[in-house]
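Asker: Dropping in target.cif, which is mmCIF, C-alpha atoms and all ligand atoms; chains and numbers go by the auth columns:
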data_model
loop_
_atom_site.group_PDB
_atom_site.id
_atom_site.type_symbol
_atom_site.label_atom_id
_atom_site.label_comp_id
_atom_site.label_asym_id
_atom_site.label_seq_id
_atom_site.Cartn_x
_atom_site.Cartn_y
_atom_site.Cartn_z
_atom_site.B_iso_or_equiv
_atom_site.auth_seq_id
_atom_site.auth_asym_id
ATOM 1 C CA MET A 1 -11.956 -3.470 9.839 0.00 1 A
ATOM 2 C CA ILE A 2 -10.847 -2.901 6.255 0.00 2 A
ATOM 3 C CA LEU A 3 -7.181 -2.631 5.294 0.00 3 A
ATOM 4 C CA ILE A 4 -6.525 -0.537 2.193 0.00 4 A
ATOM 5 C CA LYS A 5 -3.286 0.007 0.269 0.00 5 A
ATOM 6 C CA LEU A 6 -3.125 3.042 -1.973 0.00 6 A
ATOM 7 C CA GLY A 7 -0.476 2.041 -4.497 0.00 7 A
ATOM 8 C CA GLY A 8 2.295 4.433 -5.445 0.00 8 A
ATOM 9 C CA SER A 9 1.254 4.255 -9.094 0.00 9 A
ATOM 10 C CA ILE A 10 -2.215 5.562 -8.269 0.00 10 A
ATOM 11 C CA ILE A 11 -1.284 8.368 -5.867 0.00 11 A
ATOM 12 C CA THR A 12 1.713 9.614 -7.859 0.00 12 A
ATOM 13 C CA ASN A 13 2.635 10.115 -11.450 0.00 13 A
ATOM 14 C CA LYS A 14 5.227 7.364 -11.829 0.00 14 A
ATOM 15 C CA GLU A 15 6.641 8.854 -15.018 0.00 15 A
ATOM 16 C CA LYS A 16 7.346 12.206 -13.385 0.00 16 A
ATOM 17 C CA PRO A 17 9.647 12.402 -10.338 0.00 17 A
ATOM 18 C CA LEU A 18 8.103 13.893 -7.226 0.00 18 A
ATOM 19 C CA SER A 19 4.650 14.523 -8.614 0.00 19 A
ATOM 20 C CA ALA A 20 1.535 13.552 -6.682 0.00 20 A
ATOM 21 C CA ARG A 21 -1.818 12.942 -8.401 0.00 21 A
ATOM 22 C CA ARG A 22 -3.679 15.301 -6.122 0.00 22 A
ATOM 23 C CA LYS A 23 -7.039 15.068 -7.899 0.00 23 A
ATOM 24 C CA THR A 24 -6.949 11.257 -7.761 0.00 24 A
ATOM 25 C CA ILE A 25 -5.993 11.386 -4.072 0.00 25 A
ATOM 26 C CA ASP A 26 -8.934 13.733 -3.394 0.00 26 A
ATOM 27 C CA ASN A 27 -11.292 11.390 -5.250 0.00 27 A
ATOM 28 C CA LEU A 28 -10.015 8.433 -3.249 0.00 28 A
ATOM 29 C CA ALA A 29 -10.525 10.377 -0.007 0.00 29 A
ATOM 30 C CA LYS A 30 -14.109 11.270 -1.035 0.00 30 A
ATOM 31 C CA SER A 31 -14.883 7.602 -1.634 0.00 31 A
ATOM 32 C CA LEU A 32 -13.258 6.478 1.615 0.00 32 A
ATOM 33 C CA LYS A 33 -15.584 8.893 3.379 0.00 33 A
ATOM 34 C CA LYS A 34 -18.489 6.692 2.242 0.00 34 A
ATOM 35 C CA ILE A 35 -17.134 3.636 4.057 0.00 35 A
ATOM 36 C CA GLN A 36 -18.979 3.183 7.332 0.00 36 A
ATOM 37 C CA GLU A 37 -16.523 0.916 9.095 0.00 37 A
ATOM 38 C CA PRO A 38 -13.049 1.191 10.607 0.00 38 A
ATOM 39 C CA ILE A 39 -10.324 1.476 7.986 0.00 39 A
ATOM 40 C CA VAL A 40 -6.527 1.441 8.022 0.00 40 A
ATOM 41 C CA ILE A 41 -4.590 2.996 5.157 0.00 41 A
ATOM 42 C CA VAL A 42 -1.140 2.050 3.860 0.00 42 A
ATOM 43 C CA HIS A 43 0.366 3.965 0.957 0.00 43 A
ATOM 44 C CA GLY A 44 3.244 3.336 -1.388 0.00 44 A
ATOM 45 C CA GLY A 45 6.203 5.419 -2.536 0.00 45 A
ATOM 46 C CA GLY A 46 5.580 5.950 -6.250 0.00 46 A
ATOM 47 C CA SER A 47 7.579 8.749 -7.797 0.00 47 A
ATOM 48 C CA TYR A 48 8.669 9.948 -4.326 0.00 48 A
ATOM 49 C CA GLY A 49 10.240 7.033 -2.411 0.00 49 A
ATOM 50 C CA HIS A 50 11.025 4.925 -5.453 0.00 50 A
ATOM 51 C CA TYR A 51 12.577 7.785 -7.372 0.00 51 A
ATOM 52 C CA TRP A 52 15.149 8.373 -4.614 0.00 52 A
ATOM 53 C CA SER A 53 15.616 4.672 -3.789 0.00 53 A
ATOM 54 C CA VAL A 54 16.664 4.086 -7.392 0.00 54 A
ATOM 55 C CA LYS A 55 18.982 7.148 -7.363 0.00 55 A
ATOM 56 C CA TYR A 56 20.726 5.873 -4.230 0.00 56 A
ATOM 57 C CA ASP A 57 20.594 2.196 -5.219 0.00 57 A
ATOM 58 C CA MET A 58 18.585 1.178 -2.184 0.00 58 A
ATOM 59 C CA HIS A 59 16.586 -2.060 -2.015 0.00 59 A
ATOM 60 C CA THR A 60 14.589 -4.308 0.282 0.00 60 A
ATOM 61 C CA LYS A 61 17.732 -6.243 1.356 0.00 61 A
ATOM 62 C CA GLU A 62 19.261 -5.073 4.651 0.00 62 A
ATOM 63 C CA ARG A 63 22.566 -3.385 3.811 0.00 63 A
ATOM 64 C CA LYS A 64 24.779 -0.408 4.572 0.00 64 A
ATOM 65 C CA TYR A 65 23.214 1.981 2.095 0.00 65 A
ATOM 66 C CA ASP A 66 24.302 5.578 1.512 0.00 66 A
ATOM 67 C CA LEU A 67 23.090 7.476 4.578 0.00 67 A
ATOM 68 C CA ARG A 68 22.275 10.481 2.435 0.00 68 A
ATOM 69 C CA GLY A 69 19.932 8.236 0.460 0.00 69 A
ATOM 70 C CA VAL A 70 18.260 6.965 3.639 0.00 70 A
ATOM 71 C CA ALA A 71 17.663 10.534 4.825 0.00 71 A
ATOM 72 C CA ILE A 72 16.352 11.697 1.454 0.00 72 A
ATOM 73 C CA VAL A 73 14.044 8.694 0.894 0.00 73 A
ATOM 74 C CA LYS A 74 12.559 9.171 4.368 0.00 74 A
ATOM 75 C CA ASN A 75 12.096 12.866 3.781 0.00 75 A
ATOM 76 C CA SER A 76 10.364 12.285 0.452 0.00 76 A
ATOM 77 C CA MET A 77 7.963 9.784 2.036 0.00 77 A
ATOM 78 C CA ILE A 78 7.038 12.320 4.697 0.00 78 A
ATOM 79 C CA GLU A 79 6.338 14.813 1.915 0.00 79 A
ATOM 80 C CA LEU A 80 4.052 12.381 0.069 0.00 80 A
ATOM 81 C CA ASN A 81 2.407 11.311 3.334 0.00 81 A
ATOM 82 C CA LYS A 82 1.654 14.963 4.133 0.00 82 A
ATOM 83 C CA ILE A 83 -0.122 15.359 0.780 0.00 83 A
ATOM 84 C CA ILE A 84 -2.316 12.341 1.600 0.00 84 A
ATOM 85 C CA LEU A 85 -3.029 13.583 5.132 0.00 85 A
ATOM 86 C CA ASP A 86 -3.903 17.078 3.863 0.00 86 A
ATOM 87 C CA SER A 87 -6.287 15.619 1.305 0.00 87 A
ATOM 88 C CA PHE A 88 -7.946 13.447 3.948 0.00 88 A
ATOM 89 C CA LEU A 89 -8.372 16.431 6.256 0.00 89 A
ATOM 90 C CA LYS A 90 -9.772 18.568 3.456 0.00 90 A
ATOM 91 C CA ASN A 91 -12.289 15.825 2.684 0.00 91 A
ATOM 92 C CA LYS A 92 -13.427 15.585 6.301 0.00 92 A
ATOM 93 C CA LEU A 93 -11.667 12.355 7.212 0.00 93 A
ATOM 94 C CA ASN A 94 -9.634 12.184 10.434 0.00 94 A
ATOM 95 C CA PRO A 95 -6.252 10.668 9.541 0.00 95 A
ATOM 96 C CA TYR A 96 -3.843 9.531 12.241 0.00 96 A
ATOM 97 C CA CYS A 97 -0.312 9.523 10.846 0.00 97 A
ATOM 98 C CA LEU A 98 1.650 6.399 11.810 0.00 98 A
ATOM 99 C CA PRO A 99 5.124 6.086 10.254 0.00 99 A
ATOM 100 C CA PRO A 100 6.185 2.424 10.155 0.00 100 A
ATOM 101 C CA THR A 101 8.903 3.132 12.771 0.00 101 A
ATOM 102 C CA ASP A 102 5.974 3.279 15.171 0.00 102 A
ATOM 103 C CA PHE A 103 5.159 -0.416 14.898 0.00 103 A
ATOM 104 C CA MET A 104 8.257 -2.036 13.369 0.00 104 A
ATOM 105 C CA THR A 105 11.550 -3.030 14.916 0.00 105 A
ATOM 106 C CA GLY A 106 14.096 -4.088 12.302 0.00 106 A
ATOM 107 C CA ASN A 107 12.048 -6.056 9.772 0.00 107 A
ATOM 108 C CA LYS A 108 9.549 -7.362 12.337 0.00 108 A
ATOM 109 C CA PRO A 109 6.221 -5.871 13.381 0.00 109 A
ATOM 110 C CA ILE A 110 5.723 -5.150 17.098 0.00 110 A
ATOM 111 C CA THR A 111 2.499 -7.059 17.858 0.00 111 A
ATOM 112 C CA LYS A 112 1.454 -4.850 20.764 0.00 112 A
ATOM 113 C CA LYS A 113 1.846 -1.709 18.653 0.00 113 A
ATOM 114 C CA VAL A 114 0.023 -3.223 15.683 0.00 114 A
ATOM 115 C CA LYS A 115 -2.896 -4.189 17.921 0.00 115 A
ATOM 116 C CA GLU A 116 -3.099 -0.553 18.978 0.00 116 A
ATOM 117 C CA ILE A 117 -3.685 0.376 15.313 0.00 117 A
ATOM 118 C CA GLU A 118 -6.955 -1.543 15.444 0.00 118 A
ATOM 119 C CA LYS A 119 -8.089 0.394 18.507 0.00 119 A
ATOM 120 C CA ILE A 120 -7.196 3.673 16.799 0.00 120 A
ATOM 121 C CA SER A 121 -9.216 2.780 13.696 0.00 121 A
ATOM 122 C CA LYS A 122 -12.189 1.617 15.803 0.00 122 A
ATOM 123 C CA SER A 123 -12.229 5.010 17.515 0.00 123 A
ATOM 124 C CA GLY A 124 -13.025 6.619 14.167 0.00 124 A
ATOM 125 C CA LEU A 125 -9.528 7.923 13.424 0.00 125 A
ATOM 126 C CA ILE A 126 -7.933 6.560 10.266 0.00 126 A
ATOM 127 C CA PRO A 127 -4.411 5.239 10.821 0.00 127 A
ATOM 128 C CA VAL A 128 -2.270 6.103 7.790 0.00 128 A
ATOM 129 C CA THR A 129 1.093 4.431 7.311 0.00 129 A
ATOM 130 C CA PHE A 130 3.453 4.006 4.351 0.00 130 A
ATOM 131 C CA GLY A 131 6.399 2.168 2.797 0.00 131 A
ATOM 132 C CA ASP A 132 9.669 3.712 3.947 0.00 132 A
ATOM 133 C CA ALA A 133 13.424 3.406 4.444 0.00 133 A
ATOM 134 C CA LEU A 134 13.922 1.763 7.839 0.00 134 A
ATOM 135 C CA TRP A 135 16.728 1.206 10.315 0.00 135 A
ATOM 136 C CA TYR A 136 17.594 -2.486 10.600 0.00 136 A
ATOM 137 C CA GLY A 137 20.489 -2.461 13.092 0.00 137 A
ATOM 138 C CA GLN A 138 24.297 -2.576 12.844 0.00 138 A
ATOM 139 C CA ASN A 139 24.282 0.450 10.561 0.00 139 A
ATOM 140 C CA LYS A 140 22.111 -1.373 8.039 0.00 140 A
ATOM 141 C CA THR A 141 18.862 -0.083 6.584 0.00 141 A
ATOM 142 C CA PHE A 142 16.297 -1.438 4.111 0.00 142 A
ATOM 143 C CA ILE A 143 13.305 -0.370 2.071 0.00 143 A
ATOM 144 C CA LEU A 144 10.091 -1.648 3.597 0.00 144 A
ATOM 145 C CA SER A 145 7.382 -1.937 0.984 0.00 145 A
ATOM 146 C CA GLY A 146 3.835 -0.876 1.798 0.00 146 A
ATOM 147 C CA ASP A 147 2.786 -4.245 0.312 0.00 147 A
ATOM 148 C CA LYS A 148 4.826 -6.022 2.966 0.00 148 A
ATOM 149 C CA ILE A 149 3.230 -3.811 5.625 0.00 149 A
ATOM 150 C CA MET A 150 -0.170 -5.042 4.365 0.00 150 A
ATOM 151 C CA THR A 151 0.859 -8.642 5.129 0.00 151 A
ATOM 152 C CA HIS A 152 2.266 -7.749 8.561 0.00 152 A
ATOM 153 C CA LEU A 153 -0.913 -5.881 9.528 0.00 153 A
ATOM 154 C CA ALA A 154 -3.273 -8.474 8.021 0.00 154 A
ATOM 155 C CA LYS A 155 -1.587 -11.307 9.906 0.00 155 A
ATOM 156 C CA ILE A 156 -2.093 -9.622 13.274 0.00 156 A
ATOM 157 C CA LEU A 157 -5.307 -7.654 12.737 0.00 157 A
ATOM 158 C CA LYS A 158 -7.242 -10.159 10.577 0.00 158 A
ATOM 159 C CA PRO A 159 -9.222 -7.498 8.712 0.00 159 A
ATOM 160 C CA LYS A 160 -12.537 -8.387 7.117 0.00 160 A
ATOM 161 C CA LEU A 161 -11.089 -7.433 3.761 0.00 161 A
ATOM 162 C CA CYS A 162 -7.808 -6.209 2.230 0.00 162 A
ATOM 163 C CA ILE A 163 -7.911 -3.914 -0.766 0.00 163 A
ATOM 164 C CA PHE A 164 -5.079 -2.882 -3.070 0.00 164 A
ATOM 165 C CA ALA A 165 -5.992 0.218 -5.110 0.00 165 A
ATOM 166 C CA LEU A 166 -3.978 0.112 -8.318 0.00 166 A
ATOM 167 C CA ASN A 167 -3.570 2.068 -11.506 0.00 167 A
ATOM 168 C CA GLU A 168 -5.024 -0.941 -13.382 0.00 168 A
ATOM 169 C CA ASP A 169 -8.321 -2.837 -13.286 0.00 169 A
ATOM 170 C CA GLY A 170 -6.709 -5.775 -11.476 0.00 170 A
ATOM 171 C CA VAL A 171 -4.440 -8.655 -12.487 0.00 171 A
ATOM 172 C CA TYR A 172 -4.343 -9.330 -16.225 0.00 172 A
ATOM 173 C CA SER A 173 -3.627 -12.782 -17.612 0.00 173 A
ATOM 174 C CA ASP A 174 -2.301 -11.069 -20.688 0.00 174 A
ATOM 175 C CA LEU A 175 -1.046 -7.500 -20.622 0.00 175 A
ATOM 176 C CA LYS A 176 -1.559 -6.819 -24.323 0.00 176 A
ATOM 177 C CA SER A 177 -5.229 -7.686 -24.449 0.00 177 A
ATOM 178 C CA LYS A 178 -5.702 -6.555 -20.817 0.00 178 A
ATOM 179 C CA LYS A 179 -7.692 -9.704 -20.137 0.00 179 A
ATOM 180 C CA LEU A 180 -8.695 -9.437 -16.496 0.00 180 A
ATOM 181 C CA ILE A 181 -8.472 -12.368 -14.092 0.00 181 A
ATOM 182 C CA HIS A 182 -11.640 -12.071 -11.984 0.00 182 A
ATOM 183 C CA GLU A 183 -10.852 -14.570 -9.291 0.00 183 A
ATOM 184 C CA LEU A 184 -7.840 -16.452 -7.955 0.00 184 A
ATOM 185 C CA LYS A 185 -8.145 -19.280 -5.447 0.00 185 A
ATOM 186 C CA GLY A 186 -4.728 -19.938 -4.006 0.00 186 A
ATOM 187 C CA GLU A 187 -3.014 -20.278 -7.381 0.00 187 A
ATOM 188 C CA ARG A 188 -0.306 -17.835 -8.372 0.00 188 A
ATOM 189 C CA PRO A 189 -0.944 -16.257 -11.793 0.00 189 A
ATOM 190 C CA SER A 190 1.948 -16.040 -14.223 0.00 190 A
ATOM 191 C CA ILE A 191 1.848 -12.471 -15.413 0.00 191 A
ATOM 192 C CA SER A 192 3.267 -11.771 -18.813 0.00 192 A
ATOM 193 C CA GLU A 193 5.106 -8.549 -18.083 0.00 193 A
ATOM 194 C CA ASN A 194 5.958 -6.395 -15.136 0.00 194 A
ATOM 195 C CA LYS A 195 6.999 -2.837 -14.579 0.00 195 A
ATOM 196 C CA MET A 196 9.556 -3.249 -11.826 0.00 196 A
ATOM 197 C CA ASP A 197 10.390 -0.842 -9.046 0.00 197 A
ATOM 198 C CA VAL A 198 12.725 -1.286 -6.084 0.00 198 A
ATOM 199 C CA THR A 199 10.176 -3.258 -4.080 0.00 199 A
ATOM 200 C CA GLY A 200 9.038 -5.467 -6.962 0.00 200 A
ATOM 201 C CA GLY A 201 5.943 -3.840 -8.517 0.00 201 A
ATOM 202 C CA MET A 202 3.017 -6.074 -9.418 0.00 202 A
ATOM 203 C CA THR A 203 4.932 -9.285 -8.640 0.00 203 A
ATOM 204 C CA ARG A 204 5.372 -8.190 -5.026 0.00 204 A
ATOM 205 C CA LYS A 205 1.698 -7.222 -4.746 0.00 205 A
ATOM 206 C CA ILE A 206 0.572 -10.614 -6.033 0.00 206 A
ATOM 207 C CA GLU A 207 2.992 -12.360 -3.688 0.00 207 A
ATOM 208 C CA GLU A 208 1.683 -10.477 -0.643 0.00 208 A
ATOM 209 C CA ALA A 209 -1.959 -10.850 -1.734 0.00 209 A
ATOM 210 C CA SER A 210 -1.466 -14.626 -2.071 0.00 210 A
ATOM 211 C CA LYS A 211 0.068 -14.793 1.402 0.00 211 A
ATOM 212 C CA ILE A 212 -2.845 -12.837 2.906 0.00 212 A
ATOM 213 C CA SER A 213 -5.482 -14.932 1.141 0.00 213 A
ATOM 214 C CA LYS A 214 -3.770 -18.110 2.358 0.00 214 A
ATOM 215 C CA MET A 215 -4.277 -16.782 5.895 0.00 215 A
ATOM 216 C CA GLY A 216 -8.011 -16.878 5.110 0.00 216 A
ATOM 217 C CA MET A 217 -8.798 -13.300 4.140 0.00 217 A
ATOM 218 C CA ASN A 218 -10.172 -12.016 0.866 0.00 218 A
ATOM 219 C CA VAL A 219 -7.908 -9.627 -1.017 0.00 219 A
ATOM 220 C CA PHE A 220 -9.293 -7.347 -3.724 0.00 220 A
ATOM 221 C CA PHE A 221 -7.287 -5.590 -6.430 0.00 221 A
ATOM 222 C CA VAL A 222 -9.252 -2.625 -7.743 0.00 222 A
ATOM 223 C CA ASN A 223 -8.690 0.331 -10.015 0.00 223 A
ATOM 224 C CA GLY A 224 -8.092 3.370 -7.797 0.00 224 A
ATOM 225 C CA ASN A 225 -8.989 5.680 -10.684 0.00 225 A
ATOM 226 C CA LYS A 226 -12.540 4.421 -10.153 0.00 226 A
ATOM 227 C CA PRO A 227 -12.660 4.695 -6.368 0.00 227 A
ATOM 228 C CA GLU A 228 -16.390 3.895 -6.196 0.00 228 A
ATOM 229 C CA ARG A 229 -15.221 0.327 -6.905 0.00 229 A
ATOM 230 C CA ILE A 230 -13.525 0.358 -3.488 0.00 230 A
ATOM 231 C CA VAL A 231 -16.813 1.348 -1.845 0.00 231 A
ATOM 232 C CA LYS A 232 -18.677 -1.358 -3.806 0.00 232 A
ATOM 233 C CA ALA A 233 -16.107 -3.961 -2.753 0.00 233 A
ATOM 234 C CA VAL A 234 -16.596 -3.026 0.895 0.00 234 A
ATOM 235 C CA LYS A 235 -20.380 -2.962 0.620 0.00 235 A
ATOM 236 C CA ASN A 236 -20.394 -6.363 -1.042 0.00 236 A
ATOM 237 C CA ARG A 237 -21.971 -5.028 -4.202 0.00 237 A
ATOM 238 C CA LYS A 238 -21.029 -6.128 -7.721 0.00 238 A
ATOM 239 C CA PHE A 239 -17.260 -6.236 -7.629 0.00 239 A
ATOM 240 C CA GLU A 240 -15.033 -5.121 -10.489 0.00 240 A
ATOM 241 C CA GLY A 241 -11.408 -6.187 -10.185 0.00 241 A
ATOM 242 C CA THR A 242 -9.487 -9.288 -9.138 0.00 242 A
ATOM 243 C CA VAL A 243 -10.359 -11.240 -5.981 0.00 243 A
ATOM 244 C CA PHE A 244 -7.835 -13.445 -4.210 0.00 244 A
ATOM 245 C CA ARG A 245 -10.273 -15.678 -2.395 0.00 245 A
ATOM 246 C CA GLY A 246 -9.304 -16.473 1.208 0.00 246 A
ATOM 247 C CA LYS A 247 -9.490 -20.124 2.124 0.00 247 A
HETATM 248 O O1 LIG B . 5.640 1.617 -2.964 0.00 1 B
HETATM 249 C C1 LIG B . 8.086 1.589 -0.905 0.00 1 B
HETATM 250 O O2 LIG B . 6.719 1.328 -0.717 0.00 1 B
HETATM 251 P P1 LIG B . 5.862 0.627 -1.883 0.00 1 B
HETATM 252 C C2 LIG B . 8.433 2.982 -0.434 0.00 1 B
HETATM 253 O O3 LIG B . 4.603 0.217 -1.193 0.00 1 B
HETATM 254 C C3 LIG B . 9.807 3.412 -0.801 0.00 1 B
HETATM 255 O O4 LIG B . 6.627 -0.576 -2.352 0.00 1 B
HETATM 256 C C4 LIG B . 10.499 4.206 0.193 0.00 1 B
HETATM 257 C C5 LIG B . 10.402 3.147 -1.907 0.00 1 B
#
For the structure just supplied, provide its representation as structure tokens.
Ligand code: IP8
Answerer:
Amino acid sequence: MILIKLGGSIITNKEKPLSARRKTIDNLAKSLKKIQEPIVIVHGGGSYGHYWSVKYDMHTKERKYDLRGVAIVKNSMIELNKIILDSFLKNKLNPYCLPPTDFMTGNKPITKKVKEIEKISKSGLIPVTFGDALWYGQNKTFILSGDKIMTHLAKILKPKLCIFALNEDGVYSDLKSKKLIHELKGERPSISENKMDVTGGMTRKIEEASKISKMGMNVFFVNGNKPERIVKAVKNRKFEGTVFRGK
């Protein structure tokens, strides 16, 4: 099984509120069609979820956030999710929509439910989940990042490979020269700059990727604008991007 995160910066136009990159999403779907093994998809919030989370000052910490914000963030994620599902359908994939409320309780994954995701993907359906605003309990809510979902799912499902499709070639050691780091073995790179969003942008991704690789799985960061690189990564061909080597 392959676990793939479609980052918010690749599926949406981060500079423009509420705008999906439909052509890019279609191209990603066409490439995913070429993968001959079970896959699970997680997608981010980009200029949908993050736009509203910022407006309503909502973060990953469990707090009593504005309920209007919670409702609007959730609604916007459903809207973005629908665009992804429609594109998958159009490109002859069979997505199976799974909001995170389906397998999370508070900030913890429900193991039994997560294990079901594997069965769904092995049947040929493609489970599709996403970062979202979630109920925590005692009138508190929080923003659950799709990156965090990747770690939760990886820990239980032990996929063969985890892929993060980004709007960049991978992790750069230096942002100005765009010098790509090809491989990381356990060490945490110090990145020179970071575009932050409410769930932590690239820093969060690196943190989750390091956690997953420490559990023994390989994690690949690839440029989602060149989705054939995802297919190559899966097929073990020449890989272009950054690998977090699992130990
Ligand atoms: O883009 C966060 O998911 P991410 C989604 O994967 C929201 O961090 C609701 C901001």
Asker: Could you list, as an NGL selection string, all protein and nucleic acid residues with an atom at most 6 Å from ligand LIG 1 (chain B), counting all atoms listed in the file?
Answerer: :A and (8 or 44-46 or 49-50 or 53 or 73 or 131-133 or 143-147 or 199)
Asker: May I have a table of the residues of segment 39-150 of chain A lying at most 10 Å from segment 15-30 of chain A, giving each one's closest pair of atoms and their distance in Å to one decimal, counting only C-alpha atoms, ordered by chain and ascending residue number, as CSV?
Answerer:
residue,atom,partner,partner_atom,distance
A:Gly45,CA,A:Leu18,CA,9.9
A:Gly46,CA,A:Leu18,CA,8.4
A:Ser47,CA,A:Pro17,CA,4.9
A:Tyr48,CA,A:Leu18,CA,4.9
A:Gly49,CA,A:Leu18,CA,8.6
A:His50,CA,A:Pro17,CA,9.0
A:Tyr51,CA,A:Pro17,CA,6.2
A:Trp52,CA,A:Pro17,CA,8.9
A:Ser76,CA,A:Leu18,CA,8.2
A:Glu79,CA,A:Leu18,CA,9.4
A:Leu80,CA,A:Ala20,CA,7.3
A:Ile83,CA,A:Arg22,CA,7.8
A:Ile84,CA,A:Ile25,CA,6.8
A:Leu85,CA,A:Ala29,CA,9.6
A:Asp86,CA,A:Asp26,CA,9.4
A:Ser87,CA,A:Asp26,CA,5.7
A:Phe88,CA,A:Ala29,CA,5.6
A:Leu89,CA,A:Ala29,CA,9.0
A:Lys90,CA,A:Asp26,CA,8.4
A:Asn91,CA,A:Lys30,CA,6.2
A:Lys92,CA,A:Lys30,CA,8.5
A:Leu93,CA,A:Ala29,CA,7.6
Asker: When the PyMOL selection byres (((chain A and resi 5) around 12) and not hetatm) is applied to the structure above, which residues does it catch, written out as an NGL selection string?
Answerer: :A and (2-4 or 6-11 or 28 or 32 or 39-45 or 127-131 or 145-151 or 153-154 or 161-167 or 205 or 208-209 or 219-224 or 230)
Asker: Could you work out how far atom CA of Arg245 of chain A lies from atom CA of Lys185 of chain A, giving the answer in Å with one decimal?
Answerer: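 Straight-line distance from atom CA of Lys185 of chain A to atom CA of Arg245 of chain A works out to 5.2 Å.
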Asker: Can you tell me, as a PDB file with C-alpha atoms, in the frame of the given file, what residues are no more than 7 Å from segment 106-118 of chain A when counting all atoms listed in the file, ignoring any on the same chain fewer than 6 positions away?
Answerer:
ATOM      1  CA  PRO A 127      -4.411   5.239  10.821  1.00  0.00           C
ATOM      2  CA  TRP A 135      16.728   1.206  10.315  1.00  0.00           C
ATOM      3  CA  TYR A 136      17.594  -2.486  10.600  1.00  0.00           C
ATOM      4  CA  GLY A 137      20.489  -2.461  13.092  1.00  0.00           C
ATOM      5  CA  HIS A 152       2.266  -7.749   8.561  1.00  0.00           C
ATOM      6  CA  LEU A 153      -0.913  -5.881   9.528  1.00  0.00           C
ATOM      7  CA  ILE A 156      -2.093  -9.622  13.274  1.00  0.00           C
ATOM      8  CA  LEU A 157      -5.307  -7.654  12.737  1.00  0.00           C
TER       9      LEU A 157
END
Asker: Evaluate the PyMOL selection byres (((chain A and resi 247) around 9) and not hetatm) against this structure - the residues, as a count of residues only, please.
Answerer: 10
Asker: Find, counting all atoms listed in the file, the residue in A:Gln36, A:Thr105, A:Thr12, A:Asn94 that gets nearest to Lys235 of chain A.
Answerer: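 That would be A:Gln36, the residue with the smallest distance to Lys235 of chain A.
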Asker: Between atom CA of Glu183 of chain A and atom CA of Val171 of chain A, measure the distance and give it in Å to one decimal.
Answerer: 9.3 Å
Asker: Find the distance between atom CA of Lys34 of chain A and atom CA of Ser123 of chain A and write it in Å to one decimal.
Answerer: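 The value is 16.6 Å.
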Asker: Given only C-alpha atoms as the basis, pick out the residue of A:Asn75, A:Ser31, A:Asn225, A:Asn13 nearest to Asp169 of chain A.
Answerer: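 Nearest to Asp169 of chain A: A:Asn225.
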Asker: Of the residues A:Lys176, A:Arg237, A:Lys160, A:Lys226, which is the one nearest to Glu37 of chain A, using all atoms listed in the file?
Answerer: A:Lys160
Asker: Which is closest to Asp66 of chain A among A:Ser210, A:Thr203, A:Asn139, A:Thr242, if we use all atoms listed in the file?
Answerer: A:Asn139
Asker: So, counting all atoms listed in the file, which residue among A:Val198, A:Lys211, A:Thr141, A:Glu168 is closest to Lys74 of chain A?
Answerer: A:Thr141
Asker: Looking at A:Leu134, A:Arg204, A:Met104, A:Glu187, which one is nearest to Met58 of chain A, with distances taken over all atoms listed in the file?
Answerer: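 Comparing A:Leu134, A:Arg204, A:Met104, A:Glu187 against Met58 of chain A, the winner is A:Leu134.
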